[in-house]
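In what follows, a structure is listed as structure tokens, so that the remarks can point back to it.
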Amino acid sequence: MIKGVIFDLDGVLVSTDELHYKAWKQLALELDITDFTKEDNQRQKGVSRMESLEVVLSKGSRIFTDAEKLVLAERKNSYYIELLQELSTEAVLPRVVETLTMLRERGILIGVGSVSKNTPLILKRTQLESYIDKVSCGLDITRSKPDPEVFVVAANKLGLEVDECLVVEDSAAGVVAAKAAGMRSLGVGPEYKELEADYEALNFNSNIHWDNLLKA
């Protein structure tokens, strides 16, 4: 029986993909990398900030030290935080609030499992924080997806066993992490059929059989 649902953040509860792309694009241009595209940005989905930086740097020829990479990653994050100031409830994806409300009415605990260190700020800006019981994010972990740490931490914070949790993800790395944690998974988003999750739905507007999912 599922007692808690752990949601990824970007692409599942909210959409900040365009803001990430703008921030990485700005950094790329400063490094004279002019061909960083939205397709490259898709390769950064579900992975850590440092792994995302490597995607950008792979488009150029310059070699950076680890210390320089840390500076670059922080620079990108500063751009992203600036862009987050324009974030509002409009970034919340369709039927997210209705879904969270329904789960809470059923007595299901709600967690967020995201590698983003900006998760608390995003939840606050989008006014979703009141729907969330516990948050596990980049501030709590040392290993990013597909490592299961972020979801294990979320389960621990919720006071649940891993087999009592269902993970909702939109990335392959996230689904792999959920499976590695011993959790069932619901794949959503444009690539949901390719995620190899236990359950699939394009989005929360789809006909999701929550009764069956929660009895898993």
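Chains: A, B, ... in order of the structure tokens. Residues: from 1 per chain. Ligands: from 1, in order shown.
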Margin query: I need the residues of range 70-164 of chain A that end up classed as alpha helix (DSSP H) by DSSP on the backbone, written out as number ranges by chain.
Written below: A: 70-84, 96-105, 119-125, 149-158
List every residue of range 103-132 of chain A that has an atom at most 12 Å from any atom of range 17-38 of chain A, giving for each one its closest atom pair and the distance in Å to one decimal, counting only C-alpha atoms, sorted by chain and then by ascending residue number, as a tab-separated table.
residue	atom	partner	partner_atom	distance
A:Ser116	CA	A:His20	CA	11.1
A:Asn118	CA	A:His20	CA	11.6
A:Ile122	CA	A:Leu19	CA	11.8
Compile a residue-level contact table for range 92-169 of chain A against range 6-12 of chain A at a cut-off of 7 Å, reporting for every qualifying residue the shortest atom pair and its distance in Å to one decimal, with only C-alpha atoms counted, rows ordered by chain and ascending number, as CSV.
residue,atom,partner,partner_atom,distance
A:Ile110,CA,A:Ile6,CA,6.0
A:Gly111,CA,A:Ile6,CA,4.4
A:Val112,CA,A:Phe7,CA,4.7
A:Gly113,CA,A:Asp8,CA,5.1
A:Ser114,CA,A:Asp8,CA,5.3
A:Cys165,CA,A:Ile6,CA,6.9
A:Leu166,CA,A:Ile6,CA,6.1
A:Val167,CA,A:Ile6,CA,4.7
A:Val168,CA,A:Phe7,CA,4.8
A:Glu169,CA,A:Asp8,CA,5.5
Write a file of the just-selected residues containing C-alpha atoms, as a short mmCIF file (atom, residue, chain, number, x, y, z; two decimals), in the first residue's frame.
data_model
loop_
_atom_site.label_atom_id
_atom_site.label_comp_id
_atom_site.auth_asym_id
_atom_site.auth_seq_id
_atom_site.Cartn_x
_atom_site.Cartn_y
_atom_site.Cartn_z
CA ILE A 110 3.39 14.31 -0.21
CA GLY A 111 7.10 14.79 -0.78
CA VAL A 112 9.33 16.46 -3.33
CA GLY A 113 12.52 14.80 -4.52
CA SER A 114 14.59 17.13 -6.69
CA CYS A 165 6.39 5.37 -1.73
CA LEU A 166 5.44 6.13 -5.32
CA VAL A 167 7.72 8.45 -7.32
CA VAL A 168 6.39 10.74 -10.09
CA GLU A 169 9.10 11.58 -12.62
#
Quick one: everything within 12 Å of Lys3 in chain A, counting only C-alpha atoms, minus sequence neighbours fewer than 5 positions away in the same chain. Send it as a compact mmCIF listing (two decimals) with N, CA and C atoms, in the first residue's frame.
# COMPACT_ATOMS: atom_id res chain seq x y z
N LEU A 103 -4.71 13.87 -3.21
CA LEU A 103 -3.86 12.94 -2.45
C LEU A 103 -3.92 13.25 -0.96
N ARG A 104 -3.89 14.52 -0.62
CA ARG A 104 -3.95 14.91 0.79
C ARG A 104 -5.29 14.49 1.40
N ARG A 106 -6.93 11.96 0.66
CA ARG A 106 -6.87 10.51 0.84
C ARG A 106 -5.92 10.11 1.98
N GLY A 107 -5.30 11.09 2.59
CA GLY A 107 -4.38 10.79 3.69
C GLY A 107 -2.99 10.40 3.22
N ILE A 108 -2.67 10.68 1.95
CA ILE A 108 -1.36 10.36 1.40
C ILE A 108 -0.36 11.47 1.72
N LEU A 109 0.81 11.11 2.22
CA LEU A 109 1.86 12.09 2.47
C LEU A 109 2.48 12.51 1.13
N ILE A 110 2.87 13.77 1.05
CA ILE A 110 3.39 14.31 -0.21
C ILE A 110 4.80 14.84 -0.01
N GLY A 111 5.72 14.34 -0.83
CA GLY A 111 7.10 14.79 -0.78
C GLY A 111 7.56 15.30 -2.13
N ALA A 155 11.84 9.69 1.55
CA ALA A 155 11.09 8.67 2.29
C ALA A 155 11.39 8.75 3.78
N LEU A 158 9.65 11.60 5.35
CA LEU A 158 8.22 11.34 5.46
C LEU A 158 7.92 10.28 6.52
N GLY A 159 8.97 9.59 6.99
CA GLY A 159 8.79 8.54 7.96
C GLY A 159 8.23 7.27 7.37
N LEU A 160 8.54 7.02 6.09
CA LEU A 160 8.00 5.87 5.37
C LEU A 160 9.10 4.94 4.90
N GLU A 161 8.73 3.67 4.68
CA GLU A 161 9.61 2.71 4.05
C GLU A 161 9.61 2.97 2.54
N VAL A 162 10.67 2.56 1.86
CA VAL A 162 10.75 2.84 0.42
C VAL A 162 9.62 2.18 -0.35
N ASP A 163 9.19 1.00 0.09
CA ASP A 163 8.12 0.31 -0.65
C ASP A 163 6.74 0.88 -0.36
N GLU A 164 6.69 1.91 0.47
CA GLU A 164 5.43 2.61 0.73
C GLU A 164 5.33 3.89 -0.08
N CYS A 165 6.32 4.12 -0.97
CA CYS A 165 6.39 5.37 -1.73
C CYS A 165 6.24 5.15 -3.23
N LEU A 166 5.55 6.07 -3.86
CA LEU A 166 5.44 6.13 -5.32
C LEU A 166 6.13 7.41 -5.78
N VAL A 167 7.00 7.29 -6.78
CA VAL A 167 7.72 8.45 -7.32
C VAL A 167 7.08 8.88 -8.65
N MET A 183 11.33 1.86 -5.18
CA MET A 183 10.03 2.51 -5.21
C MET A 183 9.35 2.31 -6.55
N ARG A 184 8.02 2.28 -6.56
CA ARG A 184 7.26 2.26 -7.79
C ARG A 184 7.34 3.64 -8.43
N LEU A 213 -2.85 2.76 -8.45
CA LEU A 213 -1.47 3.15 -8.12
C LEU A 213 -1.23 3.11 -6.62
N LEU A 214 -2.18 3.56 -5.85
CA LEU A 214 -1.98 3.66 -4.41
C LEU A 214 -2.13 2.31 -3.71
N LYS A 215 -2.69 1.34 -4.40
CA LYS A 215 -2.81 0.00 -3.81
C LYS A 215 -1.61 -0.88 -4.16
N ALA A 216 -0.68 -0.33 -4.96
CA ALA A 216 0.47 -1.13 -5.43
C ALA A 216 1.29 -1.68 -4.27
Margin query: Could you list, as a ChimeraX atom specification, every residue within 12 Å of Ser206 in chain A, counting only C-alpha atoms and ignoring same-chain residues fewer than 5 positions away?
Written below: /A:94-96,99,187-189,192,200-201
Next item on the list: Rank nothing, just name the residue among A:Leu139, A:Thr16, A:Tyr199, A:Asp211 nearest to Ala91 in chain A, using only C-alpha atoms.
Entry: A:Thr16
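For Glu51 in chain A, the non-local neighbours within 12 Å, defined as residues at least 3 positions apart in the same chain or in other chains and counting only C-alpha atoms, are Asn41, Arg43, Gln44, Lys45, Gly46, Val47, Ser48, Glu54, Val55, Val56, Leu57, Ser58, Lys69, Leu70, Ala73, Val115, Arg143, Ser144, Lys145 and Pro146 of chain A.
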What does the file look like for those residues with C-alpha atoms, as an mmCIF file, in the first residue's frame?
data_model
loop_
_atom_site.group_PDB
_atom_site.id
_atom_site.type_symbol
_atom_site.label_atom_id
_atom_site.label_comp_id
_atom_site.auth_asym_id
_atom_site.auth_seq_id
_atom_site.Cartn_x
_atom_site.Cartn_y
_atom_site.Cartn_z
ATOM 1 C CA ASN A 41 19.297 21.588 -22.668
ATOM 2 C CA ARG A 43 20.345 16.392 -22.118
ATOM 3 C CA GLN A 44 20.599 18.247 -18.807
ATOM 4 C CA LYS A 45 17.200 16.988 -17.662
ATOM 5 C CA GLY A 46 17.169 15.307 -14.272
ATOM 6 C CA VAL A 47 20.900 15.577 -13.571
ATOM 7 C CA SER A 48 22.986 17.726 -11.252
ATOM 8 C CA GLU A 54 29.634 19.447 -18.565
ATOM 9 C CA VAL A 55 26.990 19.379 -21.310
ATOM 10 C CA VAL A 56 27.666 23.066 -21.968
ATOM 11 C CA LEU A 57 31.449 22.747 -21.826
ATOM 12 C CA SER A 58 31.391 19.779 -24.210
ATOM 13 C CA LYS A 69 33.932 24.765 -13.075
ATOM 14 C CA LEU A 70 32.551 25.471 -9.623
ATOM 15 C CA ALA A 73 28.206 26.603 -12.102
ATOM 16 C CA VAL A 115 18.325 17.578 -7.200
ATOM 17 C CA ARG A 143 24.772 12.273 -5.160
ATOM 18 C CA SER A 144 22.378 13.193 -7.960
ATOM 19 C CA LYS A 145 19.989 11.035 -9.974
ATOM 20 C CA PRO A 146 20.187 8.292 -11.185
#
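For range 1-168 of chain A, backbone-based DSSP assignment of strand (DSSP E) covers Gly4, Val5, Ile6, Phe7, Leu109, Ile110, Gly111, Val112, Gly113, Lys134, Val135, Ser136, Cys165, Leu166, Val167 and Val168 of chain A.
Picture a line from CA of Glu196 in chain A to CA of Ala172 in chain A; it runs 7.7 Å.
A straight line drawn from CA of Val150 in chain A to CA of Lys76 in chain A is 22.4 Å long.
The spacing separating CA of Asp40 in chain A from CA of Ser52 in chain A amounts to 9.4 Å.
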